[in-house]
Every structure is written in C-alpha cells, then in structure tokens.
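Dumped target.cif below, it's mmCIF, N, CA and C atoms:
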data_my_file
loop_
_atom_site.group_PDB
_atom_site.id
_atom_site.type_symbol
_atom_site.label_atom_id
_atom_site.label_comp_id
_atom_site.auth_asym_id
_atom_site.auth_seq_id
_atom_site.Cartn_x
_atom_site.Cartn_y
_atom_site.Cartn_z
ATOM 1 N N MET D 1 -17.291 149.890 127.200
ATOM 2 C CA MET D 1 -16.282 150.929 127.085
ATOM 3 C C MET D 1 -14.966 150.482 127.700
ATOM 4 N N ARG D 2 -15.032 149.665 128.698
ATOM 5 C CA ARG D 2 -13.829 149.219 129.405
ATOM 6 C C ARG D 2 -12.870 148.420 128.522
ATOM 7 N N PRO D 3 -13.332 147.445 127.703
ATOM 8 C CA PRO D 3 -12.396 146.691 126.858
ATOM 9 C C PRO D 3 -11.661 147.579 125.856
ATOM 10 N N GLN D 4 -12.294 148.641 125.371
ATOM 11 C CA GLN D 4 -11.623 149.543 124.435
ATOM 12 C C GLN D 4 -10.474 150.268 125.114
ATOM 13 N N ILE D 5 -10.661 150.684 126.357
ATOM 14 C CA ILE D 5 -9.608 151.387 127.081
ATOM 15 C C ILE D 5 -8.420 150.453 127.293
ATOM 16 N N VAL D 6 -8.677 149.206 127.615
ATOM 17 C CA VAL D 6 -7.597 148.243 127.834
ATOM 18 C C VAL D 6 -6.823 148.019 126.534
ATOM 19 N N LYS D 7 -7.510 147.896 125.408
ATOM 20 C CA LYS D 7 -6.842 147.696 124.115
ATOM 21 C C LYS D 7 -5.985 148.913 123.757
ATOM 22 N N ILE D 8 -6.528 150.100 123.955
ATOM 23 C CA ILE D 8 -5.787 151.321 123.626
ATOM 24 C C ILE D 8 -4.574 151.465 124.529
ATOM 25 N N LEU D 9 -4.730 151.211 125.817
ATOM 26 C CA LEU D 9 -3.614 151.314 126.757
ATOM 27 C C LEU D 9 -2.530 150.297 126.430
ATOM 28 N N THR D 10 -2.927 149.079 126.071
ATOM 29 C CA THR D 10 -1.948 148.049 125.687
ATOM 30 C C THR D 10 -1.181 148.478 124.443
ATOM 31 N N LEU D 11 -1.864 149.007 123.456
ATOM 32 C CA LEU D 11 -1.209 149.465 122.234
ATOM 33 C C LEU D 11 -0.225 150.594 122.522
ATOM 34 N N VAL D 12 -0.626 151.545 123.336
ATOM 35 C CA VAL D 12 0.259 152.669 123.674
ATOM 36 C C VAL D 12 1.492 152.179 124.418
ATOM 37 N N LEU D 13 1.325 151.245 125.343
ATOM 38 C CA LEU D 13 2.479 150.731 126.083
ATOM 39 C C LEU D 13 3.437 149.973 125.165
ATOM 40 N N PHE D 14 2.924 149.170 124.252
ATOM 41 C CA PHE D 14 3.797 148.463 123.321
ATOM 42 C C PHE D 14 4.551 149.439 122.410
ATOM 43 N N LEU D 15 3.875 150.469 121.918
ATOM 44 C CA LEU D 15 4.540 151.449 121.057
ATOM 45 C C LEU D 15 5.595 152.229 121.821
ATOM 46 N N ALA D 16 5.299 152.612 123.062
ATOM 47 C CA ALA D 16 6.271 153.365 123.863
ATOM 48 C C ALA D 16 7.494 152.499 124.152
ATOM 49 N N ASN D 17 7.289 151.226 124.393
ATOM 50 C CA ASN D 17 8.398 150.320 124.668
ATOM 51 C C ASN D 17 9.278 150.159 123.433
ATOM 52 N N SER D 18 8.682 149.998 122.255
ATOM 53 C CA SER D 18 9.483 149.806 121.053
ATOM 54 C C SER D 18 10.238 151.080 120.681
ATOM 55 N N ILE D 19 9.659 152.230 120.915
ATOM 56 C CA ILE D 19 10.358 153.483 120.612
ATOM 57 C C ILE D 19 11.566 153.655 121.513
ATOM 58 N N SER D 20 11.442 153.304 122.778
ATOM 59 C CA SER D 20 12.585 153.439 123.681
ATOM 60 C C SER D 20 13.680 152.448 123.328
ATOM 61 N N LEU D 21 13.330 151.278 122.804
ATOM 62 C CA LEU D 21 14.346 150.313 122.405
ATOM 63 C C LEU D 21 15.099 150.777 121.162
ATOM 64 N N LEU D 22 14.424 151.474 120.267
ATOM 65 C CA LEU D 22 15.090 151.962 119.065
ATOM 66 C C LEU D 22 16.077 153.078 119.368
ATOM 67 N N GLY D 23 15.867 153.799 120.453
ATOM 68 C CA GLY D 23 16.735 154.912 120.782
ATOM 69 C C GLY D 23 18.012 154.514 121.483
ATOM 70 N N GLN D 24 18.169 153.274 121.891
ATOM 71 C CA GLN D 24 19.356 152.848 122.609
ATOM 72 C C GLN D 24 20.468 152.501 121.642
ATOM 73 N N SER D 25 21.709 152.808 122.037
ATOM 74 C CA SER D 25 22.854 152.449 121.208
ATOM 75 C C SER D 25 23.312 151.046 121.591
ATOM 76 N N PRO D 26 23.961 150.351 120.668
ATOM 77 C CA PRO D 26 24.459 149.010 120.995
ATOM 78 C C PRO D 26 25.480 149.077 122.126
ATOM 79 N N SER D 27 25.517 148.069 122.961
ATOM 80 C CA SER D 27 26.418 148.088 124.103
ATOM 81 C C SER D 27 27.860 147.980 123.637
ATOM 82 N N GLY D 28 28.712 148.817 124.208
ATOM 83 C CA GLY D 28 30.133 148.760 123.921
ATOM 84 C C GLY D 28 30.569 149.556 122.711
ATOM 85 N N SER D 29 29.700 150.239 122.029
ATOM 86 C CA SER D 29 30.127 151.029 120.877
ATOM 87 C C SER D 29 29.655 152.468 121.049
ATOM 88 N N SER D 30 30.461 153.375 120.569
ATOM 89 C CA SER D 30 30.125 154.787 120.716
ATOM 90 C C SER D 30 29.423 155.347 119.488
ATOM 91 N N GLY D 31 29.377 154.607 118.415
ATOM 92 C CA GLY D 31 28.737 155.086 117.195
ATOM 93 C C GLY D 31 28.704 153.997 116.151
ATOM 94 N N PRO D 32 28.269 154.345 114.976
ATOM 95 C CA PRO D 32 28.217 153.334 113.914
ATOM 96 C C PRO D 32 29.627 152.965 113.454
ATOM 97 N N PRO D 33 29.819 151.758 112.943
ATOM 98 C CA PRO D 33 31.147 151.365 112.469
ATOM 99 C C PRO D 33 31.526 152.150 111.218
ATOM 100 N N PRO D 34 32.814 152.353 110.998
ATOM 101 C CA PRO D 34 33.237 153.099 109.807
ATOM 102 C C PRO D 34 32.905 152.308 108.542
ATOM 103 N N PRO D 35 32.641 153.015 107.445
ATOM 104 C CA PRO D 35 32.313 152.307 106.200
ATOM 105 C C PRO D 35 33.508 151.522 105.678
ATOM 106 N N SER D 36 33.227 150.412 105.078
ATOM 107 C CA SER D 36 34.278 149.551 104.545
ATOM 108 C C SER D 36 34.646 150.005 103.131
ATOM 109 N N ASN D 37 35.929 150.018 102.827
ATOM 110 C CA ASN D 37 36.397 150.452 101.504
ATOM 111 C C ASN D 37 36.517 149.303 100.517
ATOM 112 N N ASN D 38 36.579 148.072 101.028
ATOM 113 C CA ASN D 38 36.731 146.957 100.102
ATOM 114 C C ASN D 38 35.363 146.519 99.604
ATOM 115 N N ARG D 39 35.268 146.310 98.299
ATOM 116 C CA ARG D 39 34.020 145.871 97.686
ATOM 117 C C ARG D 39 34.113 144.387 97.400
ATOM 118 N N GLY D 40 32.989 143.747 97.391
ATOM 119 C CA GLY D 40 32.940 142.319 97.110
ATOM 120 C C GLY D 40 33.242 142.037 95.651
ATOM 121 N N PRO D 41 33.405 140.778 95.312
ATOM 122 C CA PRO D 41 33.690 140.435 93.916
ATOM 123 C C PRO D 41 32.477 140.712 93.044
ATOM 124 N N GLU D 42 32.741 140.973 91.778
ATOM 125 C CA GLU D 42 31.637 141.212 90.849
ATOM 126 C C GLU D 42 30.881 139.917 90.629
ATOM 127 N N LEU D 43 29.600 140.028 90.535
ATOM 128 C CA LEU D 43 28.775 138.849 90.329
ATOM 129 C C LEU D 43 28.695 138.535 88.841
ATOM 130 N N PRO D 44 28.485 137.268 88.486
ATOM 131 C CA PRO D 44 28.434 136.895 87.067
ATOM 132 C C PRO D 44 27.316 137.586 86.294
ATOM 133 N N ILE D 45 26.248 138.012 86.962
ATOM 134 C CA ILE D 45 25.155 138.659 86.248
ATOM 135 C C ILE D 45 25.594 140.012 85.679
ATOM 136 N N ASP D 46 26.613 140.624 86.284
ATOM 137 C CA ASP D 46 27.095 141.908 85.785
ATOM 138 C C ASP D 46 27.689 141.778 84.383
ATOM 139 N N GLU D 47 28.345 140.675 84.119
ATOM 140 C CA GLU D 47 28.998 140.503 82.825
ATOM 141 C C GLU D 47 28.013 140.116 81.728
ATOM 142 N N ASN D 48 26.963 139.410 82.074
ATOM 143 C CA ASN D 48 26.069 138.844 81.071
ATOM 144 C C ASN D 48 24.698 139.500 81.053
ATOM 145 N N ILE D 49 24.590 140.732 81.477
ATOM 146 C CA ILE D 49 23.287 141.385 81.559
ATOM 147 C C ILE D 49 22.682 141.610 80.174
ATOM 148 N N LEU D 50 23.502 141.897 79.179
ATOM 149 C CA LEU D 50 22.975 142.116 77.821
ATOM 150 C C LEU D 50 22.393 140.828 77.243
ATOM 151 N N ILE D 51 23.025 139.706 77.536
ATOM 152 C CA ILE D 51 22.501 138.423 77.065
ATOM 153 C C ILE D 51 21.154 138.139 77.719
ATOM 154 N N LEU D 52 21.041 138.434 79.022
ATOM 155 C CA LEU D 52 19.781 138.207 79.717
ATOM 156 C C LEU D 52 18.670 139.108 79.188
ATOM 157 N N VAL D 53 18.985 140.353 78.871
ATOM 158 C CA VAL D 53 17.982 141.267 78.319
ATOM 159 C C VAL D 53 17.532 140.771 76.946
ATOM 160 N N ALA D 54 18.479 140.332 76.119
ATOM 161 C CA ALA D 54 18.128 139.819 74.789
ATOM 162 C C ALA D 54 17.253 138.576 74.898
ATOM 163 N N LEU D 55 17.592 137.667 75.799
ATOM 164 C CA LEU D 55 16.770 136.469 75.986
ATOM 165 C C LEU D 55 15.375 136.832 76.492
ATOM 166 N N GLY D 56 15.279 137.831 77.350
ATOM 167 C CA GLY D 56 13.975 138.273 77.830
ATOM 168 C C GLY D 56 13.126 138.846 76.715
ATOM 169 N N LEU D 57 13.735 139.630 75.833
ATOM 170 C CA LEU D 57 13.000 140.189 74.698
ATOM 171 C C LEU D 57 12.531 139.082 73.748
ATOM 172 N N ILE D 58 13.391 138.127 73.480
ATOM 173 C CA ILE D 58 13.019 137.017 72.594
ATOM 174 C C ILE D 58 11.877 136.212 73.208
ATOM 175 N N PHE D 59 11.967 135.930 74.492
ATOM 176 C CA PHE D 59 10.908 135.178 75.156
ATOM 177 C C PHE D 59 9.603 135.973 75.160
ATOM 178 N N GLY D 60 9.675 137.285 75.376
ATOM 179 C CA GLY D 60 8.474 138.118 75.339
ATOM 180 C C GLY D 60 7.820 138.105 73.971
ATOM 181 N N MET D 61 8.624 138.188 72.919
ATOM 182 C CA MET D 61 8.065 138.136 71.572
ATOM 183 C C MET D 61 7.437 136.776 71.296
ATOM 184 N N TYR D 62 8.040 135.698 71.800
ATOM 185 C CA TYR D 62 7.492 134.358 71.632
ATOM 186 C C TYR D 62 6.133 134.239 72.315
ATOM 187 N N VAL D 63 6.010 134.745 73.521
ATOM 188 C CA VAL D 63 4.744 134.675 74.258
ATOM 189 C C VAL D 63 3.667 135.489 73.545
ATOM 190 N N ILE D 64 4.013 136.677 73.078
ATOM 191 C CA ILE D 64 3.048 137.513 72.354
ATOM 192 C C ILE D 64 2.614 136.828 71.065
ATOM 193 N N TYR D 65 3.549 136.221 70.360
ATOM 194 C CA TYR D 65 3.223 135.508 69.126
ATOM 195 C C TYR D 65 2.267 134.350 69.399
ATOM 196 N N LYS D 66 2.540 133.566 70.446
ATOM 197 C CA LYS D 66 1.677 132.435 70.776
ATOM 198 C C LYS D 66 0.276 132.909 71.150
ATOM 199 N N LYS D 67 0.161 133.984 71.923
ATOM 200 C CA LYS D 67 -1.153 134.487 72.329
ATOM 201 C C LYS D 67 -1.915 135.032 71.134
ATOM 202 N N SER D 68 -1.234 135.736 70.247
ATOM 203 C CA SER D 68 -1.929 136.287 69.087
ATOM 204 C C SER D 68 -2.358 135.174 68.137
ATOM 205 N N ARG D 69 -1.604 134.101 68.062
ATOM 206 C CA ARG D 69 -1.961 132.978 67.188
ATOM 207 C C ARG D 69 -3.164 132.224 67.744
ATOM 208 N N ILE D 70 -3.265 132.121 69.076
ATOM 209 C CA ILE D 70 -4.397 131.429 69.697
ATOM 210 C C ILE D 70 -5.669 132.267 69.539
ATOM 211 N N ASN D 71 -5.582 133.581 69.701
ATOM 212 C CA ASN D 71 -6.753 134.452 69.669
ATOM 213 C C ASN D 71 -7.223 134.799 68.254
ATOM 214 N N SER D 72 -6.380 134.613 67.245
ATOM 215 C CA SER D 72 -6.781 134.999 65.888
ATOM 216 C C SER D 72 -7.668 133.916 65.263
ATOM 217 N N PRO D 73 -8.722 134.341 64.591
ATOM 218 C CA PRO D 73 -9.583 133.350 63.910
ATOM 219 C C PRO D 73 -8.912 132.851 62.635
ATOM 220 N N GLU D 74 -9.103 131.605 62.340
ATOM 221 C CA GLU D 74 -8.471 131.016 61.144
ATOM 222 C C GLU D 74 -9.404 130.980 59.981
#

Can you give me the file's structure in the form of structure tokens?
Amino acid sequence: MRPQIVKILTLVLFLANSISLLGQSPSGSSGPPPPSNNRGPELPIDENILILVALGLIFGMYVIYKKSRINSPE
C-alpha cells in the first residue's frame, strides 16, 4: 500500500506545481501584447490552389483506375 501512496502524492505535487506555473504572468508585462494589424505576405499556395485540387483529382482517378485494372479478371 505504501508505494501507491508515494506515486499518488508525487503525481498530485507535480500537477499542483504545473497549475501554479500556468497562473503566473510573464515578468515585466501587465497583459497580453496588442494584436498586430500587419499581415504576412500571401503564400504561393493561395494562388495555385485550384491547380493543386485538379492534380489531386487526376491522381486519384489514376490510382483508382490502376487498382480496378489489377483486380478485374481478364
């Protein structure tokens, strides 16, 4: 019975310690930083998403065709 009590007490102490650390604010700041209004540059995937979707559909049809050709009896 003794080893179980030690394991439970250790777990409770670790959880209590982590909860108290989460409640502390960063040193030197009174709150969260204000949100930034500037957005990053657009990524190239934004412009070519339709091409990627079309290529995915074509590749999916190719894979399905190959599997159906292998499984069909001749």

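Interatomic distance, atom C of D:Leu52 against atom N of D:Ser68: 22.1 Å.
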
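Atom CA of D:Leu57 sits 21.5 Å away from atom N of D:Ser72.
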
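Atom C of D:Glu47 sits 24.5 Å away from atom C of D:Tyr62.
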